[in-house]
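Chemist: The structure that follows is given in the form of structure tokens.
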Amino acid sequence: MQFKNPELLYALFLLVVPILIHLFQLRRFQKVKFTNVKFLKSVKLQTRKSSQLKKWITLVTRMLLLASVIIAFAQPFIPNTEAFNQKQETVIYLDNSFSMQANGSNGTLLNEAIQDVINTIPEDEVISLFTNDKTFRNITVKALKNDLIQLKHSPTQLNYAAAYLKGKQLFSKGSAATQNLVLVSDFQQKEQPFNFETDSTVQLQLVQPKSTITSNISIDSIYVSNTTSETLELKVKLSNKTEPIKNVTISLFNDDVLLTKSAVDIDKEAEATFTVPNNKVINGKLTINDAGLQYDNLFYFNINSKPKIKVLAINGTADDSFLNRIYTEDEFDFKSFKLNTLNFNLIPDQNLIVLNELETISNALKTALIAFKNDGGKLLIIPSNEIDIISYNQLFKDLSVSTFGNQNAIEKRITSINYDHPLLANAFYSKVTNFQYPKVEKSYLFTSNSNSVLSYEDGSPFLTGNTNTYAFSSALNSDNSNFKNSQLIIPVLYNLGLQSLKLSKLYYTIGQPNTIAIQIALGQDDILTLDTDDSSVIPLQKTYSKSVLLETQDFPNTAGILNVKNKETVLQNLSFNYNRAESTLNYYDLSTLNGVTTTTSLATTINNIKSNTTINALWKWFVIFALIFLIIEMLLLKYLK
């Protein structure tokens, strides 16, 4: 038995008071001689014994009465558990990702968990709580209440192992308290393995609220499937996580103006097709009506006016007609000059420069090309059969490209494609394995095999390069190679042209690194901003003479269409959408985990933690005992003669 107010037990020393009173009242009587009457002497002796017995019983009763009152005020209790005397420290992870928008029995899963925290934990209790994007450490529930009520869904989610480690870090260092870590999430199945490190110092409890939704349709992506001079054909991809659904309506808006609607039947996946005018600026928004998760029912995209990509070919004696066929005038501004007729003032204005089989590279040209590359331009080098290898290698060293070695006169076939190279990103729908291998008669050996895009059958590079500079190892004229007739030349060179000017895409994904080129020549102190109706932010940016590269990842964190502004001038719009990874309705089975307590209700888990600190209060019993002893004393005084 323990006491809430043990200091009051010192009052038990007051029990000496009734004892003293009793002894004072039981002092010895003075003898007075009286007539020696035998009968009176006997009555006197019997009366004295009865009086002493009654007073001793009354004394014991009064002492028990006083002791019961004192002990009742000290509030005795018996702990329910052995862990009662240990201090309890609680850390809660509250998953506020979009999958927690799913409806439970009393609103969304996130709102249910918030209400359990507010209603179950006492207002003055100190806890630590963190979400995917916020952390509250050592705070009372009363101070936390408003933040919880206003908590919004996060576009990113901590993986479960990271949430576990972060929760452990929020416990007090060196504390002997029992550490209760509660992870509240629907525990969607992810690509990462699902397990937790065993830690005997942490009591891990998983809460997996159950969703009542049985279906969810998501708008996953949009892309241009066909282009004409007048129209663009847009394909919209949708996915479904449950049984097939018929007649799903998709609406296409330009700003707030409804352009058209379409309906599709969807099993696991489906596509809808929309046709819009080409070369028209569209701030697009796609919507569907779906009772499942709400965040994936909207999809934003932009079609901005596209500047033509400037490509300059500097030719030696070789033919450049193959370049003219790839860099067509609908997308590219292609110019071609012989080296002896080139106006060097054109070089800084280009996006891509192709050195087409020059025999030598002069110092003046090398200086201009290095300045062009440093200003963000891309360079493609095609050597001739007979080159001044020293002038080439001097340029390669300045451009950080592998230099040429000796020329090889043995015929080689081009057999290997590096699909993971950034130059070939999205260039092929699938890995090509049955193409006709191109060949070359003569080629130069690169001194390094790194950064190869295309390789020969012996593993040496045919095309190599880094972010801004690429070089072939051989001439591409028909006498030396049939590569110009190969199916590989178009995706390789076309992709190189597209990447030389990073045009804004139809949309970008929030939380992923994005690099966006804005074609504008800024003043020295000018900067670009990304603006919404409510906020404005300055993103990371690199300024070149003719463009600005914007880099986004942490911002924006809300889906929508943003304005790219130079001061008050809107240059173009960018669309951002949430990652669709949260749309799946597949969840982990927590019953397979060992050594972990799992429930479906946060309130139940909190009550289980609180039960470790509950007690059986005994003060009421001692009040009852005091009343009983009081009644006994009254009866003794009244009826015991």
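Ordering of the structure tokens sets the chain letters (A, B, ...); residue numbers start at 1 within each chain; ligands are numbered from 1 in the order shown.
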As a ChimeraX atom specification, please: every residue in range 191-250 of chain A that a backbone DSSP assignment puts in strand (DSSP E).

Modeler: /A:202-207,217-227,231-240,245-250

Chemist: Convert the current residue selection to file output with N, CA and C atoms, as a compact mmCIF listing (two decimals), in the first residue's frame.

Modeler:
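Writing the result to result_35.txt gives the following:
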# COMPACT_ATOMS: atom_id res chain seq x y z
N VAL A 202 12.27 0.64 -25.67
CA VAL A 202 11.12 1.33 -26.25
C VAL A 202 9.95 0.37 -26.35
N GLN A 203 8.81 0.79 -25.82
CA GLN A 203 7.58 0.02 -25.95
C GLN A 203 6.87 0.48 -27.24
N LEU A 204 7.06 -0.27 -28.33
CA LEU A 204 6.50 0.11 -29.63
C LEU A 204 5.08 -0.40 -29.76
N GLN A 205 4.18 0.52 -30.13
CA GLN A 205 2.78 0.16 -30.33
C GLN A 205 2.31 0.73 -31.66
N LEU A 206 1.74 -0.12 -32.50
CA LEU A 206 1.27 0.27 -33.83
C LEU A 206 -0.24 0.36 -33.83
N VAL A 207 -0.74 1.47 -34.35
CA VAL A 207 -2.19 1.69 -34.46
C VAL A 207 -2.53 1.78 -35.94
N ILE A 217 -10.35 5.63 -57.66
CA ILE A 217 -9.90 5.88 -59.03
C ILE A 217 -8.97 7.08 -58.98
N SER A 218 -7.86 6.99 -59.71
CA SER A 218 -6.84 8.04 -59.67
C SER A 218 -6.50 8.48 -61.09
N ILE A 219 -6.35 9.83 -61.27
CA ILE A 219 -5.78 10.36 -62.51
C ILE A 219 -4.27 10.35 -62.33
N ASP A 220 -3.56 9.54 -63.11
CA ASP A 220 -2.14 9.31 -62.87
C ASP A 220 -1.23 10.19 -63.70
N SER A 221 -1.55 10.44 -64.97
CA SER A 221 -0.63 11.20 -65.82
C SER A 221 -1.35 11.65 -67.08
N ILE A 222 -0.67 12.53 -67.80
CA ILE A 222 -1.15 13.02 -69.10
C ILE A 222 0.06 13.22 -69.99
N TYR A 223 -0.10 12.92 -71.28
CA TYR A 223 1.01 13.10 -72.22
C TYR A 223 0.45 13.39 -73.60
N VAL A 224 1.31 13.95 -74.45
CA VAL A 224 0.93 14.26 -75.83
C VAL A 224 1.21 13.02 -76.68
N SER A 225 0.16 12.45 -77.26
CA SER A 225 0.32 11.24 -78.06
C SER A 225 0.48 11.53 -79.55
N ASN A 226 -0.02 12.69 -80.01
CA ASN A 226 0.09 13.01 -81.43
C ASN A 226 0.02 14.52 -81.61
N THR A 227 0.77 15.01 -82.57
CA THR A 227 0.83 16.45 -82.82
C THR A 227 0.65 16.72 -84.30
N THR A 231 -3.55 20.73 -84.10
CA THR A 231 -4.09 20.14 -82.87
C THR A 231 -3.04 19.35 -82.11
N LEU A 232 -3.34 19.15 -80.83
CA LEU A 232 -2.57 18.26 -79.96
C LEU A 232 -3.52 17.18 -79.45
N GLU A 233 -3.08 15.95 -79.48
CA GLU A 233 -3.87 14.85 -78.94
C GLU A 233 -3.30 14.48 -77.57
N LEU A 234 -4.10 14.64 -76.54
CA LEU A 234 -3.67 14.37 -75.17
C LEU A 234 -4.26 13.06 -74.68
N LYS A 235 -3.41 12.23 -74.09
CA LYS A 235 -3.85 10.96 -73.49
C LYS A 235 -3.78 11.10 -71.97
N VAL A 236 -4.88 10.73 -71.32
CA VAL A 236 -4.97 10.78 -69.87
C VAL A 236 -5.02 9.35 -69.34
N LYS A 237 -4.10 9.02 -68.43
CA LYS A 237 -4.06 7.68 -67.85
C LYS A 237 -4.76 7.67 -66.49
N LEU A 238 -5.64 6.69 -66.30
CA LEU A 238 -6.33 6.51 -65.03
C LEU A 238 -6.05 5.11 -64.52
N SER A 239 -6.09 4.95 -63.21
CA SER A 239 -5.92 3.63 -62.60
C SER A 239 -7.02 3.39 -61.59
N ASN A 240 -7.34 2.11 -61.40
CA ASN A 240 -8.40 1.70 -60.49
C ASN A 240 -7.86 0.59 -59.60
N ILE A 245 -15.13 -0.51 -63.03
CA ILE A 245 -16.17 0.51 -62.90
C ILE A 245 -16.48 1.06 -64.29
N LYS A 246 -17.75 1.23 -64.58
CA LYS A 246 -18.16 1.71 -65.90
C LYS A 246 -18.56 3.18 -65.85
N ASN A 247 -18.36 3.81 -67.00
CA ASN A 247 -18.85 5.17 -67.24
C ASN A 247 -18.29 6.17 -66.22
N VAL A 248 -16.97 6.23 -66.13
CA VAL A 248 -16.30 7.23 -65.29
C VAL A 248 -16.14 8.51 -66.11
N THR A 249 -16.69 9.61 -65.63
CA THR A 249 -16.67 10.88 -66.36
C THR A 249 -15.42 11.68 -66.02
N ILE A 250 -14.74 12.16 -67.07
CA ILE A 250 -13.55 12.99 -66.92
C ILE A 250 -13.84 14.33 -67.57

Chemist: Please build the interface table for range 255-337 of chain A against range 374-393 of chain A with a cut-off of 10 Å, listing for each qualifying residue the nearest atom pair and the distance in Å to one decimal; count only C-alpha atoms, order rows by chain and increasing number, and write it as JSON lines.

Modeler:
{"residue": "A:Val311", "atom": "CA", "partner": "A:Lys378", "partner_atom": "CA", "distance": 9.6}
{"residue": "A:Leu312", "atom": "CA", "partner": "A:Leu379", "partner_atom": "CA", "distance": 9.7}
{"residue": "A:Ala313", "atom": "CA", "partner": "A:Leu380", "partner_atom": "CA", "distance": 9.4}
{"residue": "A:Ile314", "atom": "CA", "partner": "A:Ile381", "partner_atom": "CA", "distance": 9.9}
{"residue": "A:Asn315", "atom": "CA", "partner": "A:Ile382", "partner_atom": "CA", "distance": 9.7}
{"residue": "A:Gly316", "atom": "CA", "partner": "A:Ser384", "partner_atom": "CA", "distance": 8.1}
{"residue": "A:Thr317", "atom": "CA", "partner": "A:Ser384", "partner_atom": "CA", "distance": 8.7}
{"residue": "A:Ala318", "atom": "CA", "partner": "A:Ser384", "partner_atom": "CA", "distance": 8.1}

Chemist: Quick one: pick out all alpha helix (DSSP H) residues within range 117-201 of chain A from a backbone DSSP run and write them as a list in words.

Modeler: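 Reading the DSSP output for range 117-201 of chain A, alpha helix (DSSP H) covers Val117, Ile118, Asn119, Thr120, Val141, Lys142, Ala143, Leu144, Lys145, Asn146, Asp147, Leu148, Ile149, Tyr160, Ala161, Ala162, Ala163, Tyr164, Leu165, Lys166, Gly167, Lys168 and Gln169 of chain A.
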
Chemist: Would you mind telling me which residue in A:Tyr419, A:Phe196, A:Tyr578, A:Trp56 lies nearest to Tyr507 in chain A when using only C-alpha atoms?

Modeler: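 Result for the nearest residue to Tyr507 in chain A: A:Tyr578.
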
Chemist: Tell me, counting only C-alpha atoms, for each residue of range 184-287 of chain A within 8 Å of range 91-97 of chain A, which pair of atoms is nearest and how far apart they are in Å to one decimal, in rows ordered by chain and increasing number, as a Markdown table.

Modeler:
| residue | atom | partner | partner_atom | distance |
| --- | --- | --- | --- | --- |
| A:Val184 | CA | A:Leu94 | CA | 5.1 |
| A:Ser185 | CA | A:Asp95 | CA | 5.1 |
| A:Asp186 | CA | A:Asp95 | CA | 8.0 |

Chemist: Between CA of Tyr437 in chain A and CA of Gly405 in chain A, what is the spacing in Å?

Modeler: 24.1 Å

Chemist: Which distance in Å separates CA of Ser211 in chain A and CA of Leu109 in chain A, to one decimal?

Modeler: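 Between these atoms lies a distance of 7.0 Å.
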
Chemist: Can you list, as a PDB file with N, CA and C atoms, in the first residue's frame, every protein, DNA or RNA residue that comes within 9 Å of range 114-123 of chain A when you count only C-alpha atoms, leaving out same-chain residues fewer than 5 positions away?

Modeler:
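Contents of the output file around_27.pdb:
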ATOM      1  N   LEU A  94       1.873  10.667 -35.997  1.00  0.00           N
ATOM      2  CA  LEU A  94       0.562  10.767 -36.621  1.00  0.00           C
ATOM      3  C   LEU A  94       0.764  10.919 -38.127  1.00  0.00           C
ATOM      4  N   LEU A 109      -9.666   8.953 -41.459  1.00  0.00           N
ATOM      5  CA  LEU A 109      -8.783   8.262 -40.511  1.00  0.00           C
ATOM      6  C   LEU A 109      -7.933   9.256 -39.733  1.00  0.00           C
ATOM      7  N   THR A 140       1.933  20.152 -23.897  1.00  0.00           N
ATOM      8  CA  THR A 140       0.686  19.646 -23.340  1.00  0.00           C
ATOM      9  C   THR A 140      -0.360  19.520 -24.441  1.00  0.00           C
ATOM     10  N   VAL A 141      -1.313  18.648 -24.214  1.00  0.00           N
ATOM     11  CA  VAL A 141      -2.388  18.462 -25.195  1.00  0.00           C
ATOM     12  C   VAL A 141      -3.205  19.742 -25.342  1.00  0.00           C
ATOM     13  N   LYS A 142      -3.346  20.488 -24.269  1.00  0.00           N
ATOM     14  CA  LYS A 142      -4.100  21.744 -24.344  1.00  0.00           C
ATOM     15  C   LYS A 142      -3.422  22.732 -25.293  1.00  0.00           C
ATOM     16  N   ALA A 143      -2.086  22.836 -25.218  1.00  0.00           N
ATOM     17  CA  ALA A 143      -1.354  23.744 -26.106  1.00  0.00           C
ATOM     18  C   ALA A 143      -1.311  23.222 -27.536  1.00  0.00           C
ATOM     19  N   LEU A 144      -1.450  21.905 -27.688  1.00  0.00           N
ATOM     20  CA  LEU A 144      -1.344  21.276 -29.006  1.00  0.00           C
ATOM     21  C   LEU A 144      -2.679  21.234 -29.740  1.00  0.00           C
ATOM     22  N   LYS A 145      -3.758  21.467 -29.044  1.00  0.00           N
ATOM     23  CA  LYS A 145      -5.101  21.226 -29.578  1.00  0.00           C
ATOM     24  C   LYS A 145      -5.361  21.985 -30.874  1.00  0.00           C
ATOM     25  N   LEU A 148      -3.509  20.616 -33.860  1.00  0.00           N
ATOM     26  CA  LEU A 148      -4.064  19.356 -34.337  1.00  0.00           C
ATOM     27  C   LEU A 148      -5.340  19.578 -35.141  1.00  0.00           C
ATOM     28  N   ILE A 149      -6.179  20.486 -34.671  1.00  0.00           N
ATOM     29  CA  ILE A 149      -7.435  20.752 -35.381  1.00  0.00           C
ATOM     30  C   ILE A 149      -7.158  21.312 -36.778  1.00  0.00           C
ATOM     31  N   LEU A 151      -4.468  20.703 -38.596  1.00  0.00           N
ATOM     32  CA  LEU A 151      -3.478  19.879 -39.289  1.00  0.00           C
ATOM     33  C   LEU A 151      -3.966  19.503 -40.682  1.00  0.00           C
ATOM     34  N   SER A 601      -7.365   1.208 -32.853  1.00  0.00           N
ATOM     35  CA  SER A 601      -7.875   2.455 -32.283  1.00  0.00           C
ATOM     36  C   SER A 601      -6.800   3.117 -31.434  1.00  0.00           C
ATOM     37  N   LEU A 602      -6.549   4.396 -31.697  1.00  0.00           N
ATOM     38  CA  LEU A 602      -5.586   5.142 -30.886  1.00  0.00           C
ATOM     39  C   LEU A 602      -6.101   5.313 -29.467  1.00  0.00           C
ATOM     40  N   ALA A 603      -7.422   5.501 -29.300  1.00  0.00           N
ATOM     41  CA  ALA A 603      -7.986   5.661 -27.959  1.00  0.00           C
ATOM     42  C   ALA A 603      -7.718   4.426 -27.102  1.00  0.00           C
ATOM     43  N   THR A 604      -7.848   3.242 -27.704  1.00  0.00           N
ATOM     44  CA  THR A 604      -7.569   2.000 -26.974  1.00  0.00           C
ATOM     45  C   THR A 604      -6.115   1.936 -26.541  1.00  0.00           C
ATOM     46  N   ILE A 606      -4.022   4.473 -26.054  1.00  0.00           N
ATOM     47  CA  ILE A 606      -3.763   5.464 -24.999  1.00  0.00           C
ATOM     48  C   ILE A 606      -4.287   4.965 -23.658  1.00  0.00           C
ATOM     49  N   ASN A 607      -5.469   4.364 -23.660  1.00  0.00           N
ATOM     50  CA  ASN A 607      -6.032   3.841 -22.410  1.00  0.00           C
ATOM     51  C   ASN A 607      -5.185   2.702 -21.856  1.00  0.00           C
ATOM     52  N   LYS A 610      -2.344   4.366 -20.167  1.00  0.00           N
ATOM     53  CA  LYS A 610      -2.795   4.981 -18.910  1.00  0.00           C
ATOM     54  C   LYS A 610      -3.068   3.933 -17.837  1.00  0.00           C
TER      55      LYS A 610
END

Chemist: Determine the nearest neighbour of Lys306 in chain A from the options A:Gln350, A:Thr228, A:Asn586, A:Gln572, counting only C-alpha atoms.

Modeler: A:Gln572

Chemist: Between CA of Thr532 in chain A and CA of Leu574 in chain A, what is the distance in Å, rounded to a tenth?

Modeler: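 Calculated distance between CA of Thr532 in chain A and CA of Leu574 in chain A is 10.6 Å.
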
Chemist: Within 12 Å of Ile561 in chain A, counting only C-alpha atoms, which residues show up once you throw out same-chain ones fewer than 2 positions away? Write them as a PDB file with N, CA and C atoms, in the first residue's frame, please.

Modeler:
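Saved result, result-v9.pdb, follows:
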ATOM      1  N   ASN A 254     -10.078  24.603 -69.019  1.00  0.00           N
ATOM      2  CA  ASN A 254      -9.028  25.585 -69.249  1.00  0.00           C
ATOM      3  C   ASN A 254      -9.301  26.738 -68.307  1.00  0.00           C
ATOM      4  N   ASP A 255      -8.455  26.877 -67.276  1.00  0.00           N
ATOM      5  CA  ASP A 255      -8.789  27.731 -66.130  1.00  0.00           C
ATOM      6  C   ASP A 255     -10.105  27.217 -65.549  1.00  0.00           C
ATOM      7  N   ILE A 282      -2.843  26.850 -72.632  1.00  0.00           N
ATOM      8  CA  ILE A 282      -3.923  26.216 -71.873  1.00  0.00           C
ATOM      9  C   ILE A 282      -3.452  25.978 -70.448  1.00  0.00           C
ATOM     10  N   ASN A 283      -4.201  26.475 -69.479  1.00  0.00           N
ATOM     11  CA  ASN A 283      -3.996  26.163 -68.067  1.00  0.00           C
ATOM     12  C   ASN A 283      -4.990  25.069 -67.706  1.00  0.00           C
ATOM     13  N   GLY A 284      -4.584  23.841 -67.931  1.00  0.00           N
ATOM     14  CA  GLY A 284      -5.522  22.727 -67.889  1.00  0.00           C
ATOM     15  C   GLY A 284      -5.762  22.163 -66.505  1.00  0.00           C
ATOM     16  N   LYS A 285      -6.967  21.631 -66.327  1.00  0.00           N
ATOM     17  CA  LYS A 285      -7.335  20.935 -65.086  1.00  0.00           C
ATOM     18  C   LYS A 285      -8.269  19.784 -65.447  1.00  0.00           C
ATOM     19  N   LEU A 298      -8.010  15.373 -58.926  1.00  0.00           N
ATOM     20  CA  LEU A 298      -7.648  16.579 -59.682  1.00  0.00           C
ATOM     21  C   LEU A 298      -6.273  16.400 -60.293  1.00  0.00           C
ATOM     22  N   PHE A 299      -6.110  16.921 -61.499  1.00  0.00           N
ATOM     23  CA  PHE A 299      -4.801  16.855 -62.152  1.00  0.00           C
ATOM     24  C   PHE A 299      -4.613  18.114 -62.979  1.00  0.00           C
ATOM     25  N   TYR A 300      -3.491  18.809 -62.737  1.00  0.00           N
ATOM     26  CA  TYR A 300      -3.202  20.076 -63.416  1.00  0.00           C
ATOM     27  C   TYR A 300      -2.134  19.862 -64.489  1.00  0.00           C
ATOM     28  N   PHE A 301      -2.241  20.613 -65.568  1.00  0.00           N
ATOM     29  CA  PHE A 301      -1.206  20.593 -66.599  1.00  0.00           C
ATOM     30  C   PHE A 301      -1.218  21.918 -67.337  1.00  0.00           C
ATOM     31  N   ASN A 302      -0.119  22.173 -68.047  1.00  0.00           N
ATOM     32  CA  ASN A 302       0.037  23.424 -68.787  1.00  0.00           C
ATOM     33  C   ASN A 302       0.520  23.174 -70.194  1.00  0.00           C
ATOM     34  N   ILE A 303      -0.032  23.892 -71.124  1.00  0.00           N
ATOM     35  CA  ILE A 303       0.503  23.956 -72.478  1.00  0.00           C
ATOM     36  C   ILE A 303       0.867  25.411 -72.718  1.00  0.00           C
ATOM     37  N   LEU A 506       4.495  19.293 -69.358  1.00  0.00           N
ATOM     38  CA  LEU A 506       3.066  19.485 -69.114  1.00  0.00           C
ATOM     39  C   LEU A 506       2.788  19.659 -67.626  1.00  0.00           C
ATOM     40  N   TYR A 507       3.539  18.950 -66.781  1.00  0.00           N
ATOM     41  CA  TYR A 507       3.333  19.042 -65.333  1.00  0.00           C
ATOM     42  C   TYR A 507       4.587  18.549 -64.629  1.00  0.00           C
ATOM     43  N   TYR A 508       4.672  18.866 -63.334  1.00  0.00           N
ATOM     44  CA  TYR A 508       5.771  18.401 -62.493  1.00  0.00           C
ATOM     45  C   TYR A 508       5.178  17.770 -61.239  1.00  0.00           C
ATOM     46  N   THR A 509       5.973  16.920 -60.604  1.00  0.00           N
ATOM     47  CA  THR A 509       5.497  16.207 -59.419  1.00  0.00           C
ATOM     48  C   THR A 509       6.089  16.838 -58.167  1.00  0.00           C
ATOM     49  N   ILE A 510       5.230  17.120 -57.203  1.00  0.00           N
ATOM     50  CA  ILE A 510       5.653  17.721 -55.940  1.00  0.00           C
ATOM     51  C   ILE A 510       6.520  16.726 -55.159  1.00  0.00           C
ATOM     52  N   LEU A 530       8.102  32.352 -58.182  1.00  0.00           N
ATOM     53  CA  LEU A 530       6.951  31.486 -58.426  1.00  0.00           C
ATOM     54  C   LEU A 530       5.818  31.986 -57.550  1.00  0.00           C
ATOM     55  N   ASP A 531       4.714  32.365 -58.173  1.00  0.00           N
ATOM     56  CA  ASP A 531       3.630  33.014 -57.450  1.00  0.00           C
ATOM     57  C   ASP A 531       2.338  32.209 -57.549  1.00  0.00           C
ATOM     58  N   THR A 532       1.601  32.184 -56.434  1.00  0.00           N
ATOM     59  CA  THR A 532       0.219  31.722 -56.421  1.00  0.00           C
ATOM     60  C   THR A 532      -0.641  32.897 -55.977  1.00  0.00           C
ATOM     61  N   ASP A 533      -1.923  32.651 -55.821  1.00  0.00           N
ATOM     62  CA  ASP A 533      -2.803  33.730 -55.362  1.00  0.00           C
ATOM     63  C   ASP A 533      -2.474  34.151 -53.936  1.00  0.00           C
ATOM     64  N   PRO A 556       6.732  23.963 -54.819  1.00  0.00           N
ATOM     65  CA  PRO A 556       5.559  24.130 -53.962  1.00  0.00           C
ATOM     66  C   PRO A 556       5.188  22.831 -53.246  1.00  0.00           C
ATOM     67  N   ASN A 557       4.354  22.953 -52.216  1.00  0.00           N
ATOM     68  CA  ASN A 557       3.861  21.774 -51.521  1.00  0.00           C
ATOM     69  C   ASN A 557       2.355  21.620 -51.655  1.00  0.00           C
ATOM     70  N   THR A 558       1.758  22.408 -52.548  1.00  0.00           N
ATOM     71  CA  THR A 558       0.324  22.323 -52.820  1.00  0.00           C
ATOM     72  C   THR A 558       0.122  22.229 -54.325  1.00  0.00           C
ATOM     73  N   ALA A 559      -0.727  21.287 -54.749  1.00  0.00           N
ATOM     74  CA  ALA A 559      -0.986  21.106 -56.170  1.00  0.00           C
ATOM     75  C   ALA A 559      -1.702  22.324 -56.741  1.00  0.00           C
ATOM     76  N   ASN A 563       2.485  30.906 -61.393  1.00  0.00           N
ATOM     77  CA  ASN A 563       2.987  31.866 -62.371  1.00  0.00           C
ATOM     78  C   ASN A 563       4.484  32.060 -62.186  1.00  0.00           C
ATOM     79  N   VAL A 564       5.228  32.004 -63.285  1.00  0.00           N
ATOM     80  CA  VAL A 564       6.645  32.377 -63.259  1.00  0.00           C
ATOM     81  C   VAL A 564       6.717  33.854 -63.614  1.00  0.00           C
ATOM     82  N   GLN A 572       5.381  32.649 -67.893  1.00  0.00           N
ATOM     83  CA  GLN A 572       4.663  31.431 -68.264  1.00  0.00           C
ATOM     84  C   GLN A 572       4.099  30.810 -66.993  1.00  0.00           C
ATOM     85  N   ASN A 573       3.377  29.710 -67.148  1.00  0.00           N
ATOM     86  CA  ASN A 573       2.782  29.023 -66.013  1.00  0.00           C
ATOM     87  C   ASN A 573       3.366  27.623 -65.882  1.00  0.00           C
ATOM     88  N   LEU A 574       3.402  27.129 -64.660  1.00  0.00           N
ATOM     89  CA  LEU A 574       3.877  25.778 -64.368  1.00  0.00           C
ATOM     90  C   LEU A 574       2.832  25.055 -63.532  1.00  0.00           C
ATOM     91  N   SER A 575       2.628  23.771 -63.818  1.00  0.00           N
ATOM     92  CA  SER A 575       1.650  22.968 -63.080  1.00  0.00           C
ATOM     93  C   SER A 575       2.361  21.937 -62.218  1.00  0.00           C
ATOM     94  N   PHE A 576       1.862  21.763 -60.991  1.00  0.00           N
ATOM     95  CA  PHE A 576       2.430  20.790 -60.053  1.00  0.00           C
ATOM     96  C   PHE A 576       1.308  19.906 -59.513  1.00  0.00           C
ATOM     97  N   ASN A 577       1.590  18.605 -59.442  1.00  0.00           N
ATOM     98  CA  ASN A 577       0.621  17.634 -58.937  1.00  0.00           C
ATOM     99  C   ASN A 577       1.244  16.789 -57.839  1.00  0.00           C
TER     100      ASN A 577
END
